[in-house]
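Step one of this worksheet: look at the structure below.
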Amino acid sequence: AIPLVVAINTSLAARNGMLVRDRIAMEEARNLDAIIFDKTGTLTEGEHGVVDMATVDGVDEDDALTLAAGVESDSEHMIARAIREAANDQDLTAPDATDFEAIKGRGVRANVDGNEVYVGGPNLLTQLDSEIPDHLQRFADEAGQNAQTVVYLVRDGELIAAFAMADVIREESFRVVDALHDLGIEVAMLTGDSQDVANAVADELGIDTVFAEVLPEDKDEKVQELQDQGKLVGMVGDGVNDAPALTRADVGIAIGSGTDVAVQSADVILVQNNPMDVVRLVKLSKASYRKMQ
Ligand code: ADP
Ligand code: MG
């Protein structure tokens with residue numbers, strides 16, 4: 001039989017928009033030493049808009065944007081949506097792309113008019129062994145310092161353009177970090193985005209530990225890294241990419257609309273897509289289990 005206090009506790013949780021899939025994790029939440037948050041869509045709104053772009057000599061901006069929109073036409077990623085919208089706003093029509101391929105945590109690839117074209121972030125450039133021309137590097141540095149995400153356009157092996165995209169920090173995130181600090185909990189952030197953007201967001205929020213440019217398959221290792229320091233670790237995420245990290249964490253927390261995979265990997269699901277519910281979860285766990293001792 002389920003002990004009465006646990007039953008009360010989980011139904012109280014449910015009334016607060018928390019679905020508890022693992023009661024042990026609910027009990028452990030009161031002892032968490034560190035909580036890792038996914039950046040995009042969890043601490044930030046996750047709604048990027050293209051705010052600036054730059055091209056190499058001889059490449060027209062409209063042509064670059066058109067080409068990028070073509071490559072991104074089959075991607076669900078928020079970055080892809082932003083690039084398609086930017087092209088649309090300029091009344092540019094994306095060319096047909098074939099052999100589309102999504103490269104997890106890096107970007108996308110497709111064939112356009114016989115050219116092999118990629119759009120993606122720093123992780124993609126590493127994979128392609130692609131050099132960034134000086135003035136595009138300066139463009140990227142400046143964008144990064146303004147917490148803007150930069151992705152690059154590579155055509156037939158040559159990096160020809162860069163796009164800067166702005167995301168905004170969710171208002172609630174500031175209170176979440178402060179409240180967790182008040183509870184003595186270390187706050188960490190995990191993202192596939194660039195180190196610059198991650199640092200800018202972390203500085204603004206007062207986040208203690210930053211893991212940036214992490215590939216989806218390596219995210220769970222960052223959870224392990226904190227666990228290896230003897231810490232009890234919570235992880236908050238929403239995406240398919242976050243699933244292994246949610247599983248690895250002592251308390252895996254899926255937030256918001258969360259993909260099915262994230263939801264199935266989590267111990268607790270926060271239905272209302274409010275990061276403040278992470279704080280409520282810890283407090284509810286402390287209040288409930290104190291009574292049991
Ligand atoms: P996060 O960990 O922030 O949720 P993802 O793992 O989804 O991010 O993506 C990591 C990085 O991979 C992005 O910041 C971007 O540089 C690149 N990327 C992923 N998908 C795309 C795409 N469709 N177009 C361009 N870049 C992409
Ligand atoms: Mg994400």
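How things are named: the first chain in the structure tokens is A, the next is B, and so on; residues count from 1 in each chain; ligands count from 1 in the order shown.
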- request: Mind checking which residues fall within 9 Å of Ala147 of chain A, counting only C-alpha atoms, ignoring those fewer than 6 positions away in the same chain, and posting them as a PyMOL selection string?
  value: chain A and resi 165-168+196-201
Mind dumping the selected residues with C-alpha atoms as a compact mmCIF listing (two decimals), in the first residue's frame?
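See part08.txt below for the written result:
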# COMPACT_ATOMS: atom_id res chain seq x y z
CA MET A 165 19.55 35.42 -33.86
CA ALA A 166 18.16 36.88 -30.66
CA ASP A 167 16.39 34.90 -27.99
CA VAL A 168 15.13 36.42 -24.74
CA ASP A 196 29.65 33.12 -25.76
CA VAL A 197 25.88 32.97 -25.73
CA ALA A 198 25.86 30.59 -22.77
CA ASN A 199 28.19 32.88 -20.77
CA ALA A 200 26.12 35.97 -21.57
CA VAL A 201 22.90 34.30 -20.40
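Within 8 Å of segment 235-239 of chain A there are A:Ile35, A:Ile36, A:Phe37, A:Asp38, A:Gly41, A:Thr42, A:Val223, A:Asp242, A:Ala243, A:Ala245, A:Leu246, A:Ala249, A:Asp250, A:Val251, A:Gly252, A:Ile253, A:Ala254, A:Ile255, A:Gly256, A:Ser257, A:Gly258, A:Thr259, A:Val261, A:Ala262, A:Val263, counting only C-alpha atoms and ignoring same-chain residues fewer than 3 positions away.
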Selection export as a short mmCIF file (atom, residue, chain, number, x, y, z; two decimals), in the first residue's frame, atoms kept: N, CA and C atoms:
data_model
loop_
_atom_site.label_atom_id
_atom_site.label_comp_id
_atom_site.auth_asym_id
_atom_site.auth_seq_id
_atom_site.Cartn_x
_atom_site.Cartn_y
_atom_site.Cartn_z
N ILE A 35 20.94 21.88 -9.59
CA ILE A 35 19.93 21.66 -10.63
C ILE A 35 20.46 22.24 -11.94
N ILE A 36 20.44 21.38 -12.98
CA ILE A 36 20.91 21.80 -14.30
C ILE A 36 19.69 22.12 -15.17
N PHE A 37 19.73 23.28 -15.81
CA PHE A 37 18.64 23.66 -16.72
C PHE A 37 19.13 23.65 -18.16
N ASP A 38 18.30 23.11 -19.04
CA ASP A 38 18.49 23.30 -20.47
C ASP A 38 18.28 24.80 -20.73
N GLY A 41 14.47 27.53 -24.52
CA GLY A 41 13.10 27.12 -24.32
C GLY A 41 12.77 26.78 -22.87
N THR A 42 13.81 26.73 -22.02
CA THR A 42 13.57 26.48 -20.60
C THR A 42 13.88 27.76 -19.82
N VAL A 223 25.74 15.73 -16.48
CA VAL A 223 25.02 15.38 -15.25
C VAL A 223 25.92 14.51 -14.38
N ASP A 242 17.32 16.22 -24.53
CA ASP A 242 17.54 16.23 -23.09
C ASP A 242 17.24 14.88 -22.44
N ALA A 243 16.64 13.96 -23.18
CA ALA A 243 16.15 12.71 -22.58
C ALA A 243 17.21 11.92 -21.82
N ALA A 245 19.93 12.91 -20.42
CA ALA A 245 20.33 13.67 -19.22
C ALA A 245 19.23 13.60 -18.16
N LEU A 246 17.98 13.62 -18.58
CA LEU A 246 16.87 13.50 -17.63
C LEU A 246 16.90 12.13 -16.96
N ALA A 249 19.91 11.98 -14.41
CA ALA A 249 19.78 12.82 -13.21
C ALA A 249 19.11 12.05 -12.08
N ASP A 250 19.39 12.46 -10.83
CA ASP A 250 18.71 11.87 -9.68
C ASP A 250 17.24 12.25 -9.68
N VAL A 251 16.97 13.48 -10.11
CA VAL A 251 15.59 13.91 -10.31
C VAL A 251 15.50 14.54 -11.70
N GLY A 252 14.83 13.85 -12.62
CA GLY A 252 14.66 14.34 -13.99
C GLY A 252 13.33 15.06 -14.09
N ILE A 253 13.36 16.29 -14.57
CA ILE A 253 12.16 17.11 -14.59
C ILE A 253 11.89 17.59 -16.02
N ALA A 254 10.77 17.14 -16.60
CA ALA A 254 10.38 17.61 -17.93
C ALA A 254 9.44 18.79 -17.76
N ILE A 255 9.66 19.80 -18.58
CA ILE A 255 8.88 21.02 -18.41
C ILE A 255 8.08 21.34 -19.66
N GLY A 256 6.90 21.92 -19.42
CA GLY A 256 6.13 22.50 -20.51
C GLY A 256 5.56 21.48 -21.46
N SER A 257 5.47 21.90 -22.70
CA SER A 257 4.88 21.06 -23.72
C SER A 257 5.70 19.77 -23.86
N GLY A 258 6.97 19.86 -23.49
CA GLY A 258 7.89 18.71 -23.51
C GLY A 258 7.60 17.64 -24.57
N THR A 259 8.60 17.24 -25.29
CA THR A 259 8.39 16.17 -26.26
C THR A 259 8.07 14.88 -25.51
N VAL A 261 9.41 12.06 -25.68
CA VAL A 261 10.62 11.39 -25.21
C VAL A 261 11.09 11.99 -23.89
N ALA A 262 11.05 13.32 -23.80
CA ALA A 262 11.45 13.99 -22.57
C ALA A 262 10.52 13.57 -21.44
N VAL A 263 9.23 13.57 -21.72
CA VAL A 263 8.23 13.23 -20.71
C VAL A 263 8.44 11.80 -20.19
#
Quick one: everything within 10 Å of segment 46-48 of chain A, counting only C-alpha atoms, minus sequence neighbours fewer than 2 positions away in the same chain. Send it as JSON, numbers by chain.
-> {"A": [39, 40, 41, 42, 43, 44, 50, 51, 78, 79, 80, 81, 82, 83, 148, 149, 164, 165, 166, 167, 168, 169, 170]}
Can you spit out the residues from that selection as a CSV table (one decimal), in the first residue's frame, using N, CA and C atoms?
chain,number,residue,atom,x,y,z
A,39,LYS,N,19.1,25.4,-21.6
A,39,LYS,CA,18.9,26.8,-21.9
A,39,LYS,C,17.7,27.2,-22.7
A,40,THR,N,17.8,26.7,-24.0
A,40,THR,CA,16.8,27.2,-25.0
A,40,THR,C,15.4,26.6,-24.7
A,41,GLY,N,14.5,27.5,-24.5
A,41,GLY,CA,13.1,27.1,-24.3
A,41,GLY,C,12.8,26.8,-22.9
A,42,THR,N,13.8,26.7,-22.0
A,42,THR,CA,13.6,26.5,-20.6
A,42,THR,C,13.9,27.8,-19.8
A,43,LEU,N,15.1,28.2,-19.9
A,43,LEU,CA,15.5,29.5,-19.3
A,43,LEU,C,15.2,30.7,-20.2
A,44,THR,N,15.2,30.4,-21.5
A,44,THR,CA,14.8,31.5,-22.5
A,44,THR,C,13.5,31.1,-23.1
A,50,VAL,N,15.9,36.4,-36.6
A,50,VAL,CA,17.1,36.9,-37.2
A,50,VAL,C,17.3,38.4,-37.1
A,51,VAL,N,18.3,38.9,-36.4
A,51,VAL,CA,18.5,40.3,-36.2
A,51,VAL,C,19.6,40.9,-37.1
A,78,MET,N,13.8,25.7,-34.0
A,78,MET,CA,13.4,27.1,-33.8
A,78,MET,C,14.3,28.0,-34.7
A,79,ILE,N,15.6,27.6,-34.8
A,79,ILE,CA,16.5,28.4,-35.7
A,79,ILE,C,16.0,28.3,-37.1
A,80,ALA,N,15.6,27.2,-37.6
A,80,ALA,CA,15.1,27.0,-38.9
A,80,ALA,C,13.9,27.9,-39.2
A,81,ARG,N,13.0,27.9,-38.2
A,81,ARG,CA,11.8,28.7,-38.3
A,81,ARG,C,12.1,30.1,-38.5
A,82,ALA,N,13.1,30.6,-37.7
A,82,ALA,CA,13.5,32.0,-37.7
A,82,ALA,C,14.1,32.4,-39.1
A,83,ILE,N,14.9,31.5,-39.7
A,83,ILE,CA,15.5,31.8,-41.0
A,83,ILE,C,14.5,31.8,-42.1
A,148,GLN,N,23.5,36.7,-28.7
A,148,GLN,CA,22.8,36.2,-29.9
A,148,GLN,C,23.4,34.9,-30.4
A,149,THR,N,22.6,34.0,-30.8
A,149,THR,CA,23.0,32.7,-31.4
A,149,THR,C,23.4,32.9,-32.8
A,164,ALA,N,22.8,36.1,-37.2
A,164,ALA,CA,22.7,36.3,-35.7
A,164,ALA,C,21.2,36.3,-35.4
A,165,MET,N,20.9,35.5,-34.3
A,165,MET,CA,19.5,35.4,-33.9
A,165,MET,C,19.4,35.7,-32.4
A,166,ALA,N,18.4,36.5,-32.1
A,166,ALA,CA,18.2,36.9,-30.7
A,166,ALA,C,17.1,36.0,-30.0
A,167,ASP,N,17.4,35.6,-28.8
A,167,ASP,CA,16.4,34.9,-28.0
A,167,ASP,C,16.3,35.8,-26.7
A,168,VAL,N,15.2,35.6,-26.0
A,168,VAL,CA,15.1,36.4,-24.7
A,168,VAL,C,15.0,35.5,-23.5
A,169,ILE,N,15.6,36.0,-22.4
A,169,ILE,CA,15.5,35.2,-21.2
A,169,ILE,C,14.1,35.4,-20.6
A,170,ARG,N,13.6,34.3,-20.2
A,170,ARG,CA,12.2,34.3,-19.6
A,170,ARG,C,12.3,35.1,-18.3
query = ligand 1: which residues are within 8 Å, counting only C-alpha atoms and all ligand atoms, as a VMD selection string?
reply = chain A and resid 38 to 41 72 75 to 80 102 to 108 119 to 124 149 to 152 190 to 194 213 to 216 239 241 to 242
_If DSSP is run on the backbone, what residues of segment 87-145 of chain A are helix (DSSP H, G or I)? A reply as a PyMOL selection string would be ideal._
chain A and resi 87-89+122-128+134-145
